[in-house]
Amino acid sequence: MIVGEQKPLAEIKEIVGPYRKLLILGCGTCVKTCFAGGEDEVATLASALRLIFKKEGQNIKIEEFTIERQCENEFIQEASEAIGRNDSVLSLACGAGVQAIARRFAKIPVLPGVNTTFIGVLESQGVFTEECSGCGNCELAIFGGVCPITRCSKKLLNGPCGGSRHGICEVSPDTECAWQLIIERLEALGQVHNLRCYISPKDWSSSNSGGPRRLVREDHII
Amino acid sequence: MNKPFKPKITLFHCINSFNESASLSLNGANNVEIKTVRLPCSSMVKDVFLLRSFESGADGVLVLVCPEDQCRYVEGSIRAKKRVGWVQNVLDEIGLDGRRLSIRNTSSGNGATTDKILQETVAVLTDLGPNPAA
Amino acid sequence: MKMEHMSKLEQILSRGEFAVTTECGPPRGADSEVVIKKGETLRGYVDAVNVTDNQTAIVRMSSISACTHLLNIGLEPVMQMVTRDRNRIALQSDILGAYSLGIRNILCLSGDHQIFGSQPDALNVFDIDSMNLIRTVKTMRDEGKDMSGFDLKEPPKMYIGAAANPFADPFEYRVIRLAKKIDAGTDFIQTQCVYNMERFTEWMRLAREEGLTEKVQILAGVTPLKSVGMARYMSKKVAGIDIPEAITKRMGEVPKEKAIDEGIKICLETIAQLRDIKGVSGVHIMAIEWEEKVGEIVESAGLLPRPL
């Protein structure tokens, strides 16, 4: 899923400052799961902002609304009335959601309330880890299911650097060395020979180095 | 002459941690105004309920929970503590001061302790003054 | 058929003579005199001088230009090149440029992560890794082609080096990685500084067992310790450095004013032991911001005069 984190309150306050009628729009999919932009977070943020504005004597009306997914028109439609009633939207979706809303409503500023951080998994309750960079050309098969492009701090494709110690990456004590994981996994799978393969320079043209990407499924276009 | 400040406190409590009828002196106290919210377990205090109490005019919010090892739902008190910590930070960010919100462990029927906690809370709030966002 | 020598370093190593290299860190400024002064203190003591490429991710004078300053005073540089800051287009372009300036040795590295440097907010590149860089230089040199397969008019004939760290984890994999670097095209290896002789000896034994020492020249790294504090700091804070407790203890047991001498003594003992290990072709002395000590170490180690 897409993992995101709500922006600091001070920054949000700054962003919404110029507006008088604000819709805080939540998204019920990825950002809900990571406690950044679901219904509960919309309610909490709305309450916090109301307290701030009340304290400062500002009169800003805040409306709350959450849709299932901000990245699909079908759901965006449900928010159109609420959006029309306000002079600004603070979207708590990922960056894709913010843009999808902005694209639909040309005259209303759509502001980001969440920092989209990565594609990851829920490792344990409250802990999310980055696992995929969306490079467009998955090579997990040779790496035993551990992605060095995402999980090695130097994107090394041909084995660990000199900074791997006791399975930990030199960059942070909280980061496991991806190559240690790859080696252990390949050992468990009886595929250590993969470690001896020379991995050629990656073709990044399928990643966002090749510009914004587009996926077309002809069979779904009517 | 200004009237002396009489703090308004919203009290969230777990029905297992605190028995209102057993703590009569609570309502007898004349230097505080209390609204109580009963919860089946203290872990049900969501962030937004705590914030909305301040929106509704509370000067302080007190959460009374069972001792951590006595929660009937195992980790309810721990969850409540974490949430309160989070909302205390939010209150600091808002500029309301996180000390307006506190969480204390009590066990049912211990009226004397509860009174003491309440008076301590009143003392903190007297110090902080009225809720500036009320 | 043996091609003509690419560099003096290659020539010395191919003759089977014990080589001595060292390191010169370019300044955090644009003054060429700093490089020239460091170079002068090394003249006659070493066969080649590594010039670091923004080491520890701190902005310094570029490796290419500092190498050129050394060339101008008659020293042979080894240009270090990291893949952290440049994509493949810039790397290849700089290899061509470096060769055109007379640089004949290259050490291919991935580079310290920028988080350790003065600008942790920088974007890192890592378009290719050090293994890919080795292969790239090799292909440019031997096949005269760049990475796109384009025929280069004047291919850069560079002597290719790489780094190896026998002390990093996982140990079992370290020799496999060495083998991969050799397959990719490495001619010589410079290792992380050796303090843990036991582990280094074991790594060398595994390398010999795989026949790797027949295929590559290994220069073992040494760094003289200045104090017990330095030993503790490096051991704890610098990833990939392994200083056994016995060495730290030795540094701590001498009076403070004698610590430098003890550090040099340990360094000389290490060099003597390294010379006895089969497959070790030279030493790489990394005296960090202490270039003036290199001459003394080389002399005391009995490695003078250097071959011409």
# chains A, B, ... in the order shown; residues from 1 in each chain; ligands from 1
call {"tool": "select_by_dssp", "arguments": {"residues": "range 160-213 of chain C", "states": "helix (DSSP H, G or I)", "output": "PyMOL selection string"}}
result
chain C and resi 171-184+197-209+212-213
call {"tool": "write_last_selection", "arguments": {"atoms": "C-alpha atoms", "output": "compact mmCIF listing (two decimals), in the first residue's frame"}}
result
# COMPACT_ATOMS: atom_id res chain seq x y z
CA PHE C 171 32.07 -12.84 6.03
CA GLU C 172 31.32 -15.95 3.95
CA TYR C 173 30.15 -13.71 1.17
CA ARG C 174 33.22 -11.46 1.09
CA VAL C 175 35.28 -13.77 -1.08
CA ILE C 176 32.38 -14.32 -3.48
CA ARG C 177 32.19 -10.57 -3.86
CA LEU C 178 35.92 -10.39 -4.52
CA ALA C 179 35.52 -13.03 -7.22
CA LYS C 180 32.70 -11.05 -8.78
CA LYS C 181 34.82 -7.91 -8.87
CA ILE C 182 37.59 -9.85 -10.57
CA ASP C 183 35.16 -11.28 -13.12
CA ALA C 184 33.86 -7.79 -13.75
CA MET C 197 45.22 -10.08 11.09
CA GLU C 198 43.48 -13.34 11.88
CA ARG C 199 40.42 -12.47 9.85
CA PHE C 200 42.50 -11.02 7.02
CA THR C 201 44.66 -14.15 6.87
CA GLU C 202 41.54 -16.30 6.67
CA TRP C 203 40.10 -14.13 3.89
CA MET C 204 43.37 -14.40 1.96
CA ARG C 205 43.39 -18.16 2.44
CA LEU C 206 39.87 -18.39 0.96
CA ALA C 207 40.90 -16.08 -1.88
CA ARG C 208 43.91 -18.31 -2.67
CA GLU C 209 41.74 -21.41 -2.46
CA LEU C 212 41.72 -15.40 -6.99
CA THR C 213 45.22 -14.27 -6.05
call {"tool": "interface_residues", "arguments": {"of": "chain A", "to": "chain C", "cutoff": "7 Å", "atoms": "only C-alpha atoms", "output": "ChimeraX atom specification"}}
result
/A:154-159,162-166,170-171,180,196,198,200-201
call {"tool": "write_last_selection", "arguments": {"atoms": "C-alpha atoms", "output": "mmCIF file, in the first residue's frame"}}
result
data_model
loop_
_atom_site.group_PDB
_atom_site.id
_atom_site.type_symbol
_atom_site.label_atom_id
_atom_site.label_comp_id
_atom_site.auth_asym_id
_atom_site.auth_seq_id
_atom_site.Cartn_x
_atom_site.Cartn_y
_atom_site.Cartn_z
ATOM 1 C CA LYS A 154 22.981 2.418 -2.097
ATOM 2 C CA LYS A 155 20.748 0.450 -4.481
ATOM 3 C CA LEU A 156 23.595 -2.060 -4.922
ATOM 4 C CA LEU A 157 22.730 -4.884 -7.276
ATOM 5 C CA ASN A 158 25.866 -6.950 -6.886
ATOM 6 C CA GLY A 159 26.242 -7.610 -3.202
ATOM 7 C CA GLY A 162 31.653 -2.643 3.264
ATOM 8 C CA GLY A 163 29.200 -1.044 5.634
ATOM 9 C CA SER A 164 27.182 -4.117 6.516
ATOM 10 C CA ARG A 165 27.747 -5.145 10.114
ATOM 11 C CA HIS A 166 25.900 -7.855 12.027
ATOM 12 C CA GLU A 170 25.699 1.503 8.234
ATOM 13 C CA VAL A 171 23.195 4.202 7.367
ATOM 14 C CA GLN A 180 22.294 -9.825 4.441
ATOM 15 C CA ARG A 196 27.753 -15.104 -8.136
ATOM 16 C CA TYR A 198 26.871 -10.421 -12.452
ATOM 17 C CA SER A 200 24.062 -5.647 -15.333
ATOM 18 C CA PRO A 201 23.340 -1.969 -14.880
#
call {"tool": "residues_around", "arguments": {"residues": "Glu76 in chain C", "least_positions_apart": "2", "cutoff": "8 Å", "atoms": "only C-alpha atoms", "output": "NGL selection string"}}
result
:C and (8 or 47-49 or 70-71 or 74 or 78 or 103)
call {"tool": "atom_distance", "arguments": {"atom1": "CA of Cys66 in chain B", "atom2": "CA of Thr106 in chain B"}}
result
5.4 Å
call {"tool": "residues_around", "arguments": {"residues": "Ala301 in chain C", "least_positions_apart": "5", "cutoff": "9 Å", "atoms": "only C-alpha atoms", "output": "ChimeraX atom specification"}}
result
/C:268-269,271-272,296
call {"tool": "residues_around", "arguments": {"residues": "range 27-30 of chain A", "least_positions_apart": "5", "cutoff": "9 Å", "atoms": "only C-alpha atoms", "output": "count of residues only"}}
result
21
call {"tool": "closest_atom_pairs", "arguments": {"of": "range 79-191 of chain A", "to": "range 11-20 of chain A", "cutoff": "7 Å", "atoms": "only C-alpha atoms", "output": "CSV"}}
result
residue,atom,partner,partner_atom,distance
A:Asp87,CA,A:Tyr19,CA,6.7
A:Ser88,CA,A:Tyr19,CA,6.5
A:Gly113,CA,A:Ile12,CA,6.2
call {"tool": "residues_around", "arguments": {"residues": "Ile9 in chain B", "least_positions_apart": "2", "cutoff": "10 Å", "atoms": "only C-alpha atoms", "output": "PyMOL selection string"}}
result
chain B and resi 6-7+11-12+32-36+53-54+57-62+100-101+118+121-122+125
call {"tool": "interface_residues", "arguments": {"of": "chain B", "to": "chain A", "cutoff": "10 Å", "atoms": "only C-alpha atoms", "output": "VMD selection string"}}
result
chain B and resid 46 to 56 87 90 to 91 93 to 96 131 to 134
call {"tool": "write_last_selection", "arguments": {"atoms": "N, CA and C atoms", "output": "tab-separated table (two decimals), in the first residue's frame"}}
result
chain	number	residue	atom	x	y	z
B	46	LYS	N	-10.94	7.99	22.04
B	46	LYS	CA	-10.27	8.30	20.77
B	46	LYS	C	-9.72	9.72	20.82
B	47	ASP	N	-8.71	9.96	20.00
B	47	ASP	CA	-8.07	11.28	19.96
B	47	ASP	C	-9.12	12.39	19.84
B	48	VAL	N	-10.06	12.13	18.94
B	48	VAL	CA	-11.00	13.20	18.61
B	48	VAL	C	-11.93	13.53	19.78
B	49	PHE	N	-12.27	12.53	20.61
B	49	PHE	CA	-13.14	12.81	21.77
B	49	PHE	C	-12.42	13.75	22.73
B	50	LEU	N	-11.12	13.50	22.90
B	50	LEU	CA	-10.36	14.33	23.83
B	50	LEU	C	-10.31	15.77	23.32
B	51	LEU	N	-10.05	15.91	22.02
B	51	LEU	CA	-9.98	17.26	21.44
B	51	LEU	C	-11.33	17.96	21.49
B	52	ARG	N	-12.37	17.20	21.18
B	52	ARG	CA	-13.70	17.83	21.15
B	52	ARG	C	-14.13	18.32	22.53
B	53	SER	N	-13.63	17.68	23.57
B	53	SER	CA	-13.94	18.16	24.92
B	53	SER	C	-13.45	19.59	25.07
B	54	PHE	N	-12.26	19.84	24.54
B	54	PHE	CA	-11.74	21.21	24.62
B	54	PHE	C	-12.55	22.16	23.76
B	55	GLU	N	-12.99	21.64	22.60
B	55	GLU	CA	-13.85	22.48	21.75
B	55	GLU	C	-15.13	22.84	22.48
B	56	SER	N	-15.61	21.91	23.31
B	56	SER	CA	-16.86	22.16	24.03
B	56	SER	C	-16.66	23.01	25.27
B	87	VAL	N	-2.16	12.98	22.03
B	87	VAL	CA	-3.01	14.18	22.02
B	87	VAL	C	-2.37	15.31	22.84
B	90	VAL	N	-0.40	17.06	20.42
B	90	VAL	CA	-1.26	17.87	19.54
B	90	VAL	C	-1.66	19.16	20.26
B	91	LEU	N	-2.00	19.04	21.54
B	91	LEU	CA	-2.40	20.23	22.31
B	91	LEU	C	-1.25	21.23	22.41
B	93	GLU	N	1.04	21.56	20.16
B	93	GLU	CA	1.14	22.17	18.82
B	93	GLU	C	0.07	23.23	18.61
B	94	ILE	N	-1.11	22.95	19.15
B	94	ILE	CA	-2.21	23.91	19.00
B	94	ILE	C	-1.91	25.17	19.81
B	95	GLY	N	-1.13	24.98	20.88
B	95	GLY	CA	-0.85	26.11	21.76
B	95	GLY	C	-1.77	26.10	22.98
B	96	LEU	N	-2.38	24.95	23.23
B	96	LEU	CA	-3.29	24.84	24.38
B	96	LEU	C	-2.58	24.31	25.61
B	131	ASN	N	-9.21	27.76	29.30
B	131	ASN	CA	-8.94	27.28	27.94
B	131	ASN	C	-9.03	28.46	26.96
B	132	PRO	N	-7.92	28.79	26.30
B	132	PRO	CA	-7.95	29.97	25.43
B	132	PRO	C	-8.74	29.76	24.14
B	133	ALA	N	-9.13	28.51	23.88
B	133	ALA	CA	-9.91	28.26	22.66
B	133	ALA	C	-11.38	28.01	22.99
B	134	ALA	N	-11.75	28.24	24.23
B	134	ALA	CA	-13.14	27.96	24.63
B	134	ALA	C	-14.08	29.04	24.09
